[in-house]
Amino acid sequence: AWGLGWEVWLDGQEITQFTYFQQAGGQVLDPVSVEITYGLERITMYLQGRREVWSIDVDGRHSYADLYRTHEVEHSRYNFDIADIDRLHQMNALYRAEADRCLEQGLVHPAHDWVIRQSHTFNLLDSRGAIGVTERAQYFAGMRRQARSV
């Protein structure tokens with residue numbers, strides 16, 4: 001997807017983005033669709049006068065770190081250090097094959113789920129630096145082809 005848009009900045013950081021999408025999934029959008037994204041944590045940091053996300057007061061007793069730091073640390077460790085690159089490549093091939101199988105049977109929603117799994121697996125491989133330029137293009141072409149079918 002691509003489009004034009006604007007960013008809204010507050011206290012030196014982007015807090016909101018408006019995007020007017022002209023295309024999505026390789027299709028021209030008419031009418032143009034609008035996406036509004038915002039960073040609740042960044043807005044909250046400003047409102048609470050905090051300099052880091054982990055110190056946000058969530059409910060008067062717990063900080064953002066109390067709720068989310070372990071999750072962040074564990075997933076970061078997995079994504080950058082532990083995820084098995086060979087296995088992820090195998091999983092991606094299986095997910096692609098399963099999406100194709102679903103599409104052959106006219107099962108659009110399950111096929112979509114398998115394409116989403118491919119996207120997540122691609123992101124894991126990318127975070128490990130395991131995708132080259134040529135391979136990146138091949139991965140995207142495969143996912144794009146399937147996404148257009150769903």
# chains A, B, ... in the order shown; residues from 1 in each chain; ligands from 1
>>> residues_around(residues="region 32-43 of chain A", least_positions_apart="2", cutoff="7 Å", atoms="only C-alpha atoms", output="MDAnalysis selection string")
chainID A and resid 15:22 29:30 45:47 53
>>> select_by_dssp(residues="chain A", states="alpha helix (DSSP H)", output="PyMOL selection string")
chain A and resi 40-48+64-77+85-104+108-127+133-149
>>> select_by_dssp(residues="chain A", states="strand (DSSP E or B)", output="PDB file with N, CA and C atoms, in the first residue's frame")
ATOM      1  N   TRP A   2       0.397   2.283  -0.613  1.00  0.00           N
ATOM      2  CA  TRP A   2       1.137   3.535  -0.571  1.00  0.00           C
ATOM      3  C   TRP A   2       0.161   4.691  -0.718  1.00  0.00           C
ATOM      4  N   GLY A   3       0.600   5.809  -0.192  1.00  0.00           N
ATOM      5  CA  GLY A   3      -0.207   7.013  -0.286  1.00  0.00           C
ATOM      6  C   GLY A   3       0.524   8.197   0.299  1.00  0.00           C
ATOM      7  N   LEU A   4      -0.097   9.326   0.159  1.00  0.00           N
ATOM      8  CA  LEU A   4       0.448  10.566   0.691  1.00  0.00           C
ATOM      9  C   LEU A   4      -0.147  10.821   2.058  1.00  0.00           C
ATOM     10  N   GLY A   5       0.554  11.609   2.859  1.00  0.00           N
ATOM     11  CA  GLY A   5       0.002  11.877   4.174  1.00  0.00           C
ATOM     12  C   GLY A   5       0.786  12.904   4.946  1.00  0.00           C
ATOM     13  N   TRP A   6       0.414  13.042   6.190  1.00  0.00           N
ATOM     14  CA  TRP A   6       1.021  14.012   7.088  1.00  0.00           C
ATOM     15  C   TRP A   6       1.314  13.354   8.416  1.00  0.00           C
ATOM     16  N   GLU A   7       2.311  13.909   9.085  1.00  0.00           N
ATOM     17  CA  GLU A   7       2.651  13.491  10.437  1.00  0.00           C
ATOM     18  C   GLU A   7       2.312  14.620  11.393  1.00  0.00           C
ATOM     19  N   VAL A   8       1.922  14.248  12.597  1.00  0.00           N
ATOM     20  CA  VAL A   8       1.698  15.222  13.664  1.00  0.00           C
ATOM     21  C   VAL A   8       2.754  14.958  14.726  1.00  0.00           C
ATOM     22  N   TRP A   9       3.515  15.992  15.071  1.00  0.00           N
ATOM     23  CA  TRP A   9       4.587  15.865  16.048  1.00  0.00           C
ATOM     24  C   TRP A   9       4.234  16.634  17.311  1.00  0.00           C
ATOM     25  N   LEU A  10       4.643  16.091  18.458  1.00  0.00           N
ATOM     26  CA  LEU A  10       4.435  16.726  19.749  1.00  0.00           C
ATOM     27  C   LEU A  10       5.675  16.479  20.592  1.00  0.00           C
ATOM     28  N   GLN A  13       8.461  14.273  19.004  1.00  0.00           N
ATOM     29  CA  GLN A  13       8.233  12.925  18.484  1.00  0.00           C
ATOM     30  C   GLN A  13       6.902  12.838  17.748  1.00  0.00           C
ATOM     31  N   GLU A  14       6.881  11.964  16.738  1.00  0.00           N
ATOM     32  CA  GLU A  14       5.664  11.767  15.960  1.00  0.00           C
ATOM     33  C   GLU A  14       4.628  11.067  16.827  1.00  0.00           C
ATOM     34  N   ILE A  15       3.408  11.609  16.860  1.00  0.00           N
ATOM     35  CA  ILE A  15       2.351  10.978  17.642  1.00  0.00           C
ATOM     36  C   ILE A  15       1.179  10.518  16.783  1.00  0.00           C
ATOM     37  N   THR A  16       1.041  11.080  15.596  1.00  0.00           N
ATOM     38  CA  THR A  16      -0.083  10.740  14.726  1.00  0.00           C
ATOM     39  C   THR A  16       0.371  10.803  13.281  1.00  0.00           C
ATOM     40  N   GLN A  17      -0.249   9.962  12.464  1.00  0.00           N
ATOM     41  CA  GLN A  17       0.037   9.986  11.033  1.00  0.00           C
ATOM     42  C   GLN A  17      -1.268   9.788  10.269  1.00  0.00           C
ATOM     43  N   PHE A  18      -1.504  10.657   9.301  1.00  0.00           N
ATOM     44  CA  PHE A  18      -2.638  10.536   8.391  1.00  0.00           C
ATOM     45  C   PHE A  18      -2.082  10.072   7.053  1.00  0.00           C
ATOM     46  N   THR A  19      -2.617   8.994   6.506  1.00  0.00           N
ATOM     47  CA  THR A  19      -2.180   8.519   5.196  1.00  0.00           C
ATOM     48  C   THR A  19      -3.402   8.366   4.308  1.00  0.00           C
ATOM     49  N   TYR A  20      -3.321   8.956   3.131  1.00  0.00           N
ATOM     50  CA  TYR A  20      -4.374   8.839   2.127  1.00  0.00           C
ATOM     51  C   TYR A  20      -3.877   7.838   1.089  1.00  0.00           C
ATOM     52  N   PHE A  21      -4.374   6.604   1.188  1.00  0.00           N
ATOM     53  CA  PHE A  21      -3.883   5.535   0.325  1.00  0.00           C
ATOM     54  C   PHE A  21      -4.459   5.648  -1.076  1.00  0.00           C
ATOM     55  N   GLN A  22      -3.547   5.715  -2.056  1.00  0.00           N
ATOM     56  CA  GLN A  22      -3.953   5.702  -3.451  1.00  0.00           C
ATOM     57  C   GLN A  22      -3.975   4.277  -4.003  1.00  0.00           C
ATOM     58  N   GLN A  23      -3.187   3.393  -3.392  1.00  0.00           N
ATOM     59  CA  GLN A  23      -3.102   2.004  -3.837  1.00  0.00           C
ATOM     60  C   GLN A  23      -2.985   1.082  -2.640  1.00  0.00           C
ATOM     61  N   ALA A  24      -3.548  -0.114  -2.781  1.00  0.00           N
ATOM     62  CA  ALA A  24      -3.383  -1.167  -1.776  1.00  0.00           C
ATOM     63  C   ALA A  24      -3.418  -2.504  -2.501  1.00  0.00           C
ATOM     64  N   GLN A  27      -3.725  -2.493  -6.234  1.00  0.00           N
ATOM     65  CA  GLN A  27      -4.965  -2.004  -6.842  1.00  0.00           C
ATOM     66  C   GLN A  27      -5.133  -0.516  -6.557  1.00  0.00           C
ATOM     67  N   VAL A  28      -5.531   0.225  -7.576  1.00  0.00           N
ATOM     68  CA  VAL A  28      -5.820   1.645  -7.393  1.00  0.00           C
ATOM     69  C   VAL A  28      -7.099   1.761  -6.573  1.00  0.00           C
ATOM     70  N   LEU A  29      -7.088   2.610  -5.570  1.00  0.00           N
ATOM     71  CA  LEU A  29      -8.251   2.800  -4.703  1.00  0.00           C
ATOM     72  C   LEU A  29      -9.050   4.014  -5.160  1.00  0.00           C
ATOM     73  N   ASP A  30     -10.311   3.813  -5.398  1.00  0.00           N
ATOM     74  CA  ASP A  30     -11.204   4.903  -5.767  1.00  0.00           C
ATOM     75  C   ASP A  30     -12.558   4.624  -5.140  1.00  0.00           C
ATOM     76  N   PRO A  31     -12.909   5.321  -4.093  1.00  0.00           N
ATOM     77  CA  PRO A  31     -12.230   6.500  -3.578  1.00  0.00           C
ATOM     78  C   PRO A  31     -10.983   6.128  -2.766  1.00  0.00           C
ATOM     79  N   VAL A  32     -10.138   7.116  -2.579  1.00  0.00           N
ATOM     80  CA  VAL A  32      -8.939   6.971  -1.767  1.00  0.00           C
ATOM     81  C   VAL A  32      -9.363   6.675  -0.332  1.00  0.00           C
ATOM     82  N   SER A  33      -8.685   5.729   0.319  1.00  0.00           N
ATOM     83  CA  SER A  33      -9.006   5.434   1.716  1.00  0.00           C
ATOM     84  C   SER A  33      -8.037   6.175   2.631  1.00  0.00           C
ATOM     85  N   VAL A  34      -8.479   6.390   3.862  1.00  0.00           N
ATOM     86  CA  VAL A  34      -7.679   7.146   4.825  1.00  0.00           C
ATOM     87  C   VAL A  34      -7.348   6.246   6.007  1.00  0.00           C
ATOM     88  N   GLU A  35      -6.088   6.303   6.425  1.00  0.00           N
ATOM     89  CA  GLU A  35      -5.658   5.603   7.627  1.00  0.00           C
ATOM     90  C   GLU A  35      -5.147   6.650   8.609  1.00  0.00           C
ATOM     91  N   ILE A  36      -5.619   6.559   9.832  1.00  0.00           N
ATOM     92  CA  ILE A  36      -5.123   7.434  10.894  1.00  0.00           C
ATOM     93  C   ILE A  36      -4.494   6.527  11.947  1.00  0.00           C
ATOM     94  N   THR A  37      -3.216   6.736  12.198  1.00  0.00           N
ATOM     95  CA  THR A  37      -2.531   5.971  13.235  1.00  0.00           C
ATOM     96  C   THR A  37      -2.056   6.940  14.310  1.00  0.00           C
ATOM     97  N   TYR A  38      -1.986   6.451  15.506  1.00  0.00           N
ATOM     98  CA  TYR A  38      -1.520   7.308  16.594  1.00  0.00           C
ATOM     99  C   TYR A  38      -0.800   6.450  17.618  1.00  0.00           C
ATOM    100  N   ASP A  57       2.687   5.427  33.997  1.00  0.00           N
ATOM    101  CA  ASP A  57       1.820   4.911  35.058  1.00  0.00           C
ATOM    102  C   ASP A  57       0.547   4.392  34.396  1.00  0.00           C
ATOM    103  N   SER A  63       3.517   0.131  36.352  1.00  0.00           N
ATOM    104  CA  SER A  63       4.113   0.882  35.245  1.00  0.00           C
ATOM    105  C   SER A  63       3.954   0.076  33.954  1.00  0.00           C
TER     106      SER A  63
END
>>> closest_residue(among="A:Ser149, A:Gln138, A:Tyr78, A:His71", to="Leu107 (chain A)", atoms="only C-alpha atoms")
A:Ser149
>>> closest_residue(among="A:Val150, A:Tyr139, A:Glu52, A:His89", to="Ala65 (chain A)", atoms="only C-alpha atoms")
A:Glu52
>>> atom_distance(atom1="CA of Glu72 (chain A)", atom2="CA of Val58 (chain A)")
16.7 Å
>>> atom_distance(atom1="CA of Arg77 (chain A)", atom2="CA of Tyr64 (chain A)")
19.3 Å
